[in-house]
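Colleague: Input: one structure, supplied below.
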Amino acid sequence: MKGLMMKDVFTAKKILLVYFLMIVLFSFGGTQTMLFALIYALMLPVNMCSYDERSHFDRMMPALPLTGLQCVLDKYIITYICAAVMMVLSVGATSARCGAWTIPENMLGSLAAMLVTHAIVMPAIIRFGVAKAQAVYLGAIIIEGALIALISRWDGMNMLMNIPSVEIGIFVFVLAINIASIFVSAKMFDLRAEQ
């Protein structure tokens with residue numbers, strides 16, 4: 001598992017550095033640019049899967065003494081690390097601007113949207129490959145962006161999202177979807193390896 005993460009970091013170190021810089025820059029931009037930072041964090045595992053496909057490492061992985069779960073978990077962990085870095089930087093930048101501890105507006109909602117997209121897209125990418133799953137990836141981002149725009153216009157949503165138990169409930173639901181997605185991705189990896 002640790003070896004797979006090191007492989008991902010070494011093979012994608014240039015793109016990781018560029019994406020990390022973009023995540024840092026967008027994190028300091030405020031709530032309007034925070035969604036862009038999340039999209040860059042979401043694109044990291046997609047690019048790592050693309051590197052694996054181009055080098056045909058995805059064909060060699062089933063021969064390694066790893067389970068399907070171990071083969072897909074590194075992509076999830078790297079995405080979660082990037083999202084956590086983005087959140088810490090955004091809170092730090094917002095707090096520095098305000099002069100007091102402040103959490104950016106809609107940060108948890110944006111993070112939840114990104115994690116739902118990640119949970120939907122990763123099993124498709126792992127099963128069908130990056131080239132075939134691009135439509136799912138782009139469609140999920142477009143549909144999610146439209147839903148966020150519609151929901152944000154609803155006045156009752158701001159009141160509802162200000163209730164801490166609702167925010168926590170949504171976030172727990174999103175985490176459950178992500179945990180299920182990890183196991184679905186592992187099954188998709190096993191199905192692809194059997195072909």
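A note on labels: chains of the structure tokens are A, B, ... as shown, every chain counts residues from 1, and ligands are counted from 1 in their shown order.
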For the interface of region 80-104 of chain A with region 44-67 of chain A (cut-off 12 Å, counting only C-alpha atoms), please tabulate each contacting residue of region 80-104 of chain A alongside its nearest pair of atoms and their separation in Å to one decimal, rows sorted by chain and increasing number, as a tab-separated table.

Modeller:
```
residue	atom	partner	partner_atom	distance
A:Tyr80	CA	A:Pro45	CA	10.2
A:Ile81	CA	A:Leu44	CA	10.8
A:Cys82	CA	A:Leu44	CA	8.7
A:Ala83	CA	A:Leu44	CA	10.6
```

Colleague: Could you dump the residues just selected with C-alpha atoms as a compact mmCIF listing (two decimals), in the first residue's frame?

Modeller:
```txt
# COMPACT_ATOMS: atom_id res chain seq x y z
CA TYR A 80 -8.53 13.16 0.97
CA ILE A 81 -5.09 14.52 1.86
CA CYS A 82 -5.36 17.22 -0.82
CA ALA A 83 -8.87 18.15 0.31
```

Colleague: Per residue of region 57-96 of chain A within 10 Å of region 111-126 of chain A, note the shortest atom pair and the distance in Å to one decimal, counting only C-alpha atoms, and order the rows by chain and increasing residue number, as CSV.

Modeller:
```
residue,atom,partner,partner_atom,distance
A:Asp58,CA,A:Ile126,CA,9.3
A:Val72,CA,A:Ile126,CA,7.9
A:Lys75,CA,A:Met122,CA,8.7
A:Tyr76,CA,A:His118,CA,8.5
A:Thr79,CA,A:His118,CA,8.6
A:Tyr80,CA,A:Leu115,CA,8.7
A:Ala83,CA,A:Leu111,CA,7.6
A:Ala84,CA,A:Leu111,CA,9.4
A:Met86,CA,A:Leu111,CA,9.7
A:Met87,CA,A:Leu111,CA,8.4
```

Colleague: Could you work out how far CA of Lys187 (chain A) lies from CA of Ile168 (chain A), giving the answer in Å with one decimal?

Modeller: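 Taking CA of Ile168 (chain A) and CA of Lys187 (chain A), their separation equals 28.9 Å.
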
Colleague: Based on the backbone DSSP call, show me all residues of region 55-156 of chain A assigned helix (DSSP H, G or I), as a ChimeraX atom specification.

Modeller: /A:57-63,68-98,107-128,130-153,155-156
